[in-house]
Protein chains: 2
Amino acid sequence: MTPSPRGDLFDPDCPTRRLLDRIGTKWTSMAVKVLAEAAPGEVRFAELRRRMPGVSPKMLSTTLQNLLRDGLAERRVEPTVPPRVHYRLTGLGLSLEAALAVVRDWAETHMAEIDRAAGERS
Amino acid sequence: MTPSPRGDLFDPDCPTRRLLDRIGTKWTSMAVKVLAEAAPGEVRFAELRRRMPGVSPKMLSTTLQNLLRDGLAERRVEPTVPPRVHYRLTGLGLSLEAALAVVRDWAETHMAEIDRAAGERS
DNA sequence: CGGAATCCGGAGAGATACTG
DNA sequence: CAGTATCTCTCCGGATTCCG
């Protein structure tokens with residue numbers, strides 16, 4: 001289904017809007033970064049928790065499931081007892097990380113300016 | 001309320017998180033793009049409305065006020081009757097647009113893959 | 001250990017009506 | 001024309017508890 005030939009931001013189905021809806025969720029970009037830092041290695045659920053201070057098991061699980069569903073990450077289970085579950089980014093996930101890195105660079109460079117502007121009005 | 005230790009993505013106050021919280025809101029990225037397309041010219045409130053189908057006056061107003069507050073856009077009022085209010089991006093806003101363009105490119109290139117992956121599980 | 005199920009509160013988003 | 005005021009509602013995110 002491609003009623004919109006180009007990426008038209010004003011299309012309700014525009015890809016950018018939908019992408020931002022995903023990476024804009026609270027923990028997604030952080031999870032992608034943690035996974036990217038470990039790439040091409042894997043990261044276990046518990047280690048992800050440790051590396052993402054403040055995340056609840058539910059939110060981490062939800063975030064990871066979204067990444068899996070979107071083909072951005074993969075899951076591998078060691079059938080031991082207790083089980084060990086590992087996550088890693090797919091190629092698609094790694095390419096997203098590259099785009100996110102640009103956003104991070106911008107944020108680290110310019111957020112202070114934004115804060116200054118916003119602060120002056122507070 | 002909190003001190004701002006810097007440079008760590010995993011800090012609750014990390015700049016990337018806070019940036020995504022802003023550009024992730026429903027209309028912000030769209031408004032930035034519309035303003036960027038007109039740059040260095042200005043765009044009036046009514047024209048922004050027309051170019052952002054589905055936006056309510058309240059949401060557009062809120063979005064623009066956030067951009068103003070963050071120093072990403074500027075407002076100019078012609079003291080006529082009726083008034084004419086013009087908006088344009090600041091230099092900071094234009095640099096953000098450049099970063100957003102990267103996200104857009106990624107989205108237009110890869111969202112189909114995400115949709116395919118997500119669709120297979122639906 | 002790695003989740004799933006459930007409940008809850010608050011912010012975001014929208015519709016509508018009104019005003020300078 | 002360019003907003004503001006108010007109300008409502010959804011749903012995200014968090015805490016907690018339970019299961020394989």
# chains A, B, ... in the order shown; residues from 1 in each chain; ligands from 1

call {"tool": "interface_residues", "arguments": {"of": "chain B", "to": "chain D", "cutoff": "12 Å", "atoms": "only C-alpha atoms (C1' of nucleotides)", "output": "JSON, numbers by chain"}}
result
{"B": [44, 45, 46, 47, 48, 49, 56, 57, 58, 59, 60, 61, 62, 64, 65, 77, 78, 79, 80, 81, 82, 83, 84, 85, 86]}

call {"tool": "write_last_selection", "arguments": {"atoms": "N, CA, C and O atoms", "output": "mmCIF file, in the first residue's frame"}}
result
data_model
loop_
_atom_site.group_PDB
_atom_site.id
_atom_site.type_symbol
_atom_site.label_atom_id
_atom_site.label_comp_id
_atom_site.auth_asym_id
_atom_site.auth_seq_id
_atom_site.Cartn_x
_atom_site.Cartn_y
_atom_site.Cartn_z
ATOM 1 N N ARG B 44 2.370 32.576 8.064
ATOM 2 C CA ARG B 44 1.341 33.073 8.973
ATOM 3 C C ARG B 44 0.630 31.911 9.665
ATOM 4 O O ARG B 44 0.663 30.777 9.202
ATOM 5 N N PHE B 45 -0.016 32.243 10.756
ATOM 6 C CA PHE B 45 -0.728 31.219 11.527
ATOM 7 C C PHE B 45 -1.723 30.453 10.650
ATOM 8 O O PHE B 45 -1.742 29.216 10.649
ATOM 9 N N ALA B 46 -2.523 31.193 9.905
ATOM 10 C CA ALA B 46 -3.557 30.542 9.100
ATOM 11 C C ALA B 46 -2.944 29.635 8.040
ATOM 12 O O ALA B 46 -3.489 28.572 7.730
ATOM 13 N N GLU B 47 -1.799 30.071 7.494
ATOM 14 C CA GLU B 47 -1.186 29.239 6.469
ATOM 15 C C GLU B 47 -0.603 27.971 7.086
ATOM 16 O O GLU B 47 -0.659 26.892 6.496
ATOM 17 N N LEU B 48 -0.056 28.111 8.272
ATOM 18 C CA LEU B 48 0.409 26.918 8.977
ATOM 19 C C LEU B 48 -0.744 25.945 9.167
ATOM 20 O O LEU B 48 -0.596 24.739 8.975
ATOM 21 N N ARG B 49 -1.870 26.488 9.545
ATOM 22 C CA ARG B 49 -3.043 25.614 9.724
ATOM 23 C C ARG B 49 -3.362 24.881 8.433
ATOM 24 O O ARG B 49 -3.611 23.669 8.438
ATOM 25 N N SER B 56 -5.585 21.298 15.233
ATOM 26 C CA SER B 56 -6.572 22.217 15.805
ATOM 27 C C SER B 56 -5.867 23.513 16.166
ATOM 28 O O SER B 56 -4.651 23.528 16.359
ATOM 29 N N PRO B 57 -6.630 24.603 16.265
ATOM 30 C CA PRO B 57 -6.009 25.878 16.641
ATOM 31 C C PRO B 57 -5.248 25.763 17.950
ATOM 32 O O PRO B 57 -4.148 26.293 18.089
ATOM 33 N N LYS B 58 -5.832 25.059 18.874
ATOM 34 C CA LYS B 58 -5.166 24.943 20.165
ATOM 35 C C LYS B 58 -3.822 24.225 20.047
ATOM 36 O O LYS B 58 -2.823 24.672 20.604
ATOM 37 N N MET B 59 -3.820 23.104 19.335
ATOM 38 C CA MET B 59 -2.581 22.343 19.229
ATOM 39 C C MET B 59 -1.535 23.112 18.445
ATOM 40 O O MET B 59 -0.351 23.084 18.789
ATOM 41 N N LEU B 60 -1.962 23.816 17.405
ATOM 42 C CA LEU B 60 -1.002 24.600 16.646
ATOM 43 C C LEU B 60 -0.420 25.697 17.522
ATOM 44 O O LEU B 60 0.796 25.929 17.536
ATOM 45 N N SER B 61 -1.279 26.350 18.256
ATOM 46 C CA SER B 61 -0.817 27.410 19.149
ATOM 47 C C SER B 61 0.165 26.868 20.181
ATOM 48 O O SER B 61 1.233 27.448 20.411
ATOM 49 N N THR B 62 -0.190 25.768 20.782
ATOM 50 C CA THR B 62 0.689 25.152 21.777
ATOM 51 C C THR B 62 2.039 24.778 21.159
ATOM 52 O O THR B 62 3.099 25.057 21.731
ATOM 53 N N LEU B 64 3.487 26.019 18.504
ATOM 54 C CA LEU B 64 4.272 27.212 18.170
ATOM 55 C C LEU B 64 4.857 27.862 19.418
ATOM 56 O O LEU B 64 6.000 28.307 19.428
ATOM 57 N N GLN B 65 4.068 27.880 20.474
ATOM 58 C CA GLN B 65 4.577 28.472 21.709
ATOM 59 C C GLN B 65 5.778 27.700 22.236
ATOM 60 O O GLN B 65 6.717 28.291 22.780
ATOM 61 N N VAL B 77 4.553 40.273 14.739
ATOM 62 C CA VAL B 77 3.159 40.687 14.631
ATOM 63 C C VAL B 77 3.071 42.007 13.876
ATOM 64 O O VAL B 77 3.752 42.970 14.224
ATOM 65 N N GLU B 78 2.224 42.017 12.863
ATOM 66 C CA GLU B 78 1.892 43.288 12.211
ATOM 67 C C GLU B 78 0.706 43.874 12.956
ATOM 68 O O GLU B 78 -0.363 43.267 12.975
ATOM 69 N N PRO B 79 0.885 45.052 13.506
ATOM 70 C CA PRO B 79 -0.184 45.633 14.330
ATOM 71 C C PRO B 79 -1.289 46.235 13.477
ATOM 72 O O PRO B 79 -1.643 47.395 13.624
ATOM 73 N N THR B 80 -1.814 45.432 12.579
ATOM 74 C CA THR B 80 -2.923 45.861 11.735
ATOM 75 C C THR B 80 -4.219 45.317 12.313
ATOM 76 O O THR B 80 -4.210 44.580 13.298
ATOM 77 N N VAL B 81 -5.332 45.694 11.691
ATOM 78 C CA VAL B 81 -6.600 45.099 12.068
ATOM 79 C C VAL B 81 -7.247 44.531 10.824
ATOM 80 O O VAL B 81 -7.558 45.255 9.898
ATOM 81 N N PRO B 82 -7.389 43.213 10.776
ATOM 82 C CA PRO B 82 -6.995 42.242 11.803
ATOM 83 C C PRO B 82 -5.486 42.051 11.836
ATOM 84 O O PRO B 82 -4.815 42.342 10.845
ATOM 85 N N PRO B 83 -4.971 41.546 12.919
ATOM 86 C CA PRO B 83 -3.529 41.361 13.039
ATOM 87 C C PRO B 83 -3.014 40.265 12.113
ATOM 88 O O PRO B 83 -3.757 39.351 11.760
ATOM 89 N N ARG B 84 -1.768 40.405 11.721
ATOM 90 C CA ARG B 84 -1.129 39.338 10.959
ATOM 91 C C ARG B 84 0.081 38.888 11.755
ATOM 92 O O ARG B 84 0.967 39.685 12.069
ATOM 93 N N VAL B 85 0.118 37.617 12.050
ATOM 94 C CA VAL B 85 1.212 37.084 12.862
ATOM 95 C C VAL B 85 2.038 36.130 12.010
ATOM 96 O O VAL B 85 1.492 35.226 11.381
ATOM 97 N N HIS B 86 3.318 36.362 12.007
ATOM 98 C CA HIS B 86 4.224 35.571 11.169
ATOM 99 C C HIS B 86 5.207 34.810 12.044
ATOM 100 O O HIS B 86 5.668 35.320 13.056
#

call {"tool": "interface_residues", "arguments": {"of": "chain C", "to": "chain A", "cutoff": "12 Å", "atoms": "only C-alpha atoms (C1' of nucleotides)", "output": "VMD selection string"}}
result
chain C and resid 1 to 6

call {"tool": "select_by_dssp", "arguments": {"residues": "chain A", "states": "alpha helix (DSSP H)", "output": "number ranges by chain"}}
result
A: 15-23, 28-38, 45-51, 57-69, 91-120

call {"tool": "interface_residues", "arguments": {"of": "chain A", "to": "chain B", "cutoff": "7 Å", "atoms": "only C-alpha atoms", "output": "PyMOL selection string"}}
result
chain A and resi 7+9-10+15-16+19-21+24+52-53+69-71+99+102-104+106-108+111+114-115+117-118+121

call {"tool": "write_last_selection", "arguments": {"atoms": "N, CA, C and O atoms", "output": "JSON list (two decimals), in the first residue's frame"}}
result
[["chain", "number", "residue", "atom", "x", "y", "z"],
["A", 7, "GLY", "N", 7.71, 10.50, 0.59],
["A", 7, "GLY", "CA", 7.42, 10.66, 1.99],
["A", 7, "GLY", "C", 6.81, 12.02, 2.20],
["A", 7, "GLY", "O", 7.50, 13.01, 2.32],
["A", 9, "LEU", "N", 5.16, 14.39, 4.56],
["A", 9, "LEU", "CA", 5.01, 14.52, 6.01],
["A", 9, "LEU", "C", 3.57, 14.81, 6.39],
["A", 9, "LEU", "O", 3.16, 14.58, 7.52],
["A", 10, "PHE", "N", 2.82, 15.30, 5.45],
["A", 10, "PHE", "CA", 1.46, 15.74, 5.79],
["A", 10, "PHE", "C", 0.46, 14.63, 5.55],
["A", 10, "PHE", "O", -0.71, 14.76, 5.86],
["A", 15, "PRO", "N", 5.75, 8.39, 6.78],
["A", 15, "PRO", "CA", 6.70, 7.54, 7.50],
["A", 15, "PRO", "C", 7.41, 8.26, 8.65],
["A", 15, "PRO", "O", 7.70, 7.64, 9.67],
["A", 16, "THR", "N", 7.67, 9.52, 8.49],
["A", 16, "THR", "CA", 8.39, 10.22, 9.54],
["A", 16, "THR", "C", 7.56, 10.30, 10.81],
["A", 16, "THR", "O", 8.06, 10.05, 11.92],
["A", 19, "LEU", "N", 7.62, 6.97, 12.37],
["A", 19, "LEU", "CA", 8.91, 6.67, 12.98],
["A", 19, "LEU", "C", 9.07, 7.42, 14.30],
["A", 19, "LEU", "O", 9.49, 6.84, 15.31],
["A", 20, "LEU", "N", 8.72, 8.68, 14.30],
["A", 20, "LEU", "CA", 8.86, 9.47, 15.53],
["A", 20, "LEU", "C", 7.96, 8.94, 16.62],
["A", 20, "LEU", "O", 8.31, 8.99, 17.80],
["A", 21, "ASP", "N", 6.81, 8.43, 16.23],
["A", 21, "ASP", "CA", 5.92, 7.85, 17.23],
["A", 21, "ASP", "C", 6.61, 6.67, 17.92],
["A", 21, "ASP", "O", 6.36, 6.40, 19.09],
["A", 24, "GLY", "N", 10.11, 8.00, 19.62],
["A", 24, "GLY", "CA", 9.78, 9.02, 20.60],
["A", 24, "GLY", "C", 9.29, 8.44, 21.92],
["A", 24, "GLY", "O", 9.25, 9.15, 22.92],
["A", 52, "MET", "N", 19.80, 0.69, 31.89],
["A", 52, "MET", "CA", 18.76, 1.68, 31.65],
["A", 52, "MET", "C", 18.09, 2.02, 32.98],
["A", 52, "MET", "O", 16.97, 1.60, 33.25],
["A", 53, "PRO", "N", 18.77, 2.82, 33.76],
["A", 53, "PRO", "CA", 18.30, 3.11, 35.11],
["A", 53, "PRO", "C", 16.90, 3.70, 35.08],
["A", 53, "PRO", "O", 16.61, 4.63, 34.33],
["A", 69, "ARG", "N", 9.12, -6.68, 16.99],
["A", 69, "ARG", "CA", 8.02, -6.62, 16.03],
["A", 69, "ARG", "C", 8.42, -5.82, 14.79],
["A", 69, "ARG", "O", 8.07, -6.17, 13.67],
["A", 70, "ASP", "N", 9.19, -4.76, 15.01],
["A", 70, "ASP", "CA", 9.56, -3.88, 13.90],
["A", 70, "ASP", "C", 10.79, -4.36, 13.15],
["A", 70, "ASP", "O", 11.26, -3.69, 12.23],
["A", 71, "GLY", "N", 11.32, -5.50, 13.56],
["A", 71, "GLY", "CA", 12.48, -6.02, 12.86],
["A", 71, "GLY", "C", 13.76, -5.27, 13.17],
["A", 71, "GLY", "O", 14.73, -5.37, 12.42],
["A", 99, "ALA", "N", 21.07, 6.91, 12.39],
["A", 99, "ALA", "CA", 20.24, 8.12, 12.30],
["A", 99, "ALA", "C", 20.05, 8.73, 13.68],
["A", 99, "ALA", "O", 20.10, 9.95, 13.85],
["A", 102, "VAL", "N", 22.82, 10.96, 14.87],
["A", 102, "VAL", "CA", 22.77, 12.35, 14.40],
["A", 102, "VAL", "C", 21.92, 13.19, 15.33],
["A", 102, "VAL", "O", 22.29, 14.31, 15.70],
["A", 103, "VAL", "N", 20.79, 12.63, 15.73],
["A", 103, "VAL", "CA", 19.92, 13.35, 16.66],
["A", 103, "VAL", "C", 20.64, 13.57, 17.98],
["A", 103, "VAL", "O", 20.58, 14.65, 18.57],
["A", 104, "ARG", "N", 21.34, 12.56, 18.45],
["A", 104, "ARG", "CA", 22.08, 12.70, 19.70],
["A", 104, "ARG", "C", 23.13, 13.79, 19.59],
["A", 104, "ARG", "O", 23.29, 14.61, 20.50],
["A", 106, "TRP", "N", 23.12, 16.33, 17.68],
["A", 106, "TRP", "CA", 22.48, 17.64, 17.69],
["A", 106, "TRP", "C", 22.07, 18.00, 19.11],
["A", 106, "TRP", "O", 22.28, 19.12, 19.57],
["A", 107, "ALA", "N", 21.49, 17.04, 19.80],
["A", 107, "ALA", "CA", 21.02, 17.30, 21.15],
["A", 107, "ALA", "C", 22.16, 17.72, 22.06],
["A", 107, "ALA", "O", 22.06, 18.70, 22.81],
["A", 108, "GLU", "N", 23.25, 16.99, 22.00],
["A", 108, "GLU", "CA", 24.37, 17.29, 22.89],
["A", 108, "GLU", "C", 25.00, 18.64, 22.55],
["A", 108, "GLU", "O", 25.55, 19.31, 23.42],
["A", 111, "MET", "N", 21.25, 21.39, 22.94],
["A", 111, "MET", "CA", 20.22, 21.44, 23.98],
["A", 111, "MET", "C", 20.48, 22.54, 25.01],
["A", 111, "MET", "O", 19.55, 23.10, 25.57],
["A", 114, "ILE", "N", 18.80, 25.54, 23.83],
["A", 114, "ILE", "CA", 17.36, 25.45, 24.04],
["A", 114, "ILE", "C", 17.03, 25.70, 25.51],
["A", 114, "ILE", "O", 16.11, 26.45, 25.82],
["A", 115, "ASP", "N", 17.80, 25.10, 26.36],
["A", 115, "ASP", "CA", 17.55, 25.30, 27.79],
["A", 115, "ASP", "C", 17.71, 26.77, 28.17],
["A", 115, "ASP", "O", 16.94, 27.30, 28.96],
["A", 117, "ALA", "N", 17.30, 29.38, 26.20],
["A", 117, "ALA", "CA", 16.15, 30.11, 25.67],
["A", 117, "ALA", "C", 14.92, 29.86, 26.52],
["A", 117, "ALA", "O", 14.19, 30.78, 26.89],
["A", 118, "ALA", "N", 14.70, 28.60, 26.84],
["A", 118, "ALA", "CA", 13.50, 28.26, 27.61],
["A", 118, "ALA", "C", 13.59, 28.81, 29.03],
["A", 118, "ALA", "O", 12.60, 29.24, 29.61],
["A", 121, "ARG", "N", 12.53, 32.43, 29.88],
["A", 121, "ARG", "CA", 11.10, 32.73, 29.92],
["A", 121, "ARG", "C", 10.41, 32.12, 31.13],
["A", 121, "ARG", "O", 9.23, 32.30, 31.32]]

call {"tool": "select_by_dssp", "arguments": {"residues": "chain B", "states": "strand (DSSP E or B)", "output": "list of chain:residue names"}}
result
B:Val43, B:Arg44, B:Ala73, B:Glu74, B:Arg75, B:Arg76, B:Val77, B:Glu78, B:Arg84, B:Val85, B:His86, B:Tyr87, B:Arg88, B:Leu89

call {"tool": "atom_distance", "arguments": {"atom1": "CA of Leu89 (chain B)", "atom2": "CA of Thr28 (chain B)"}}
result
12.3 Å

call {"tool": "atom_distance", "arguments": {"atom1": "CA of Ala38 (chain A)", "atom2": "CA of Val55 (chain A)"}}
result
18.6 Å

call {"tool": "atom_distance", "arguments": {"atom1": "CA of Gly41 (chain A)", "atom2": "CA of Arg88 (chain A)"}}
result
6.6 Å
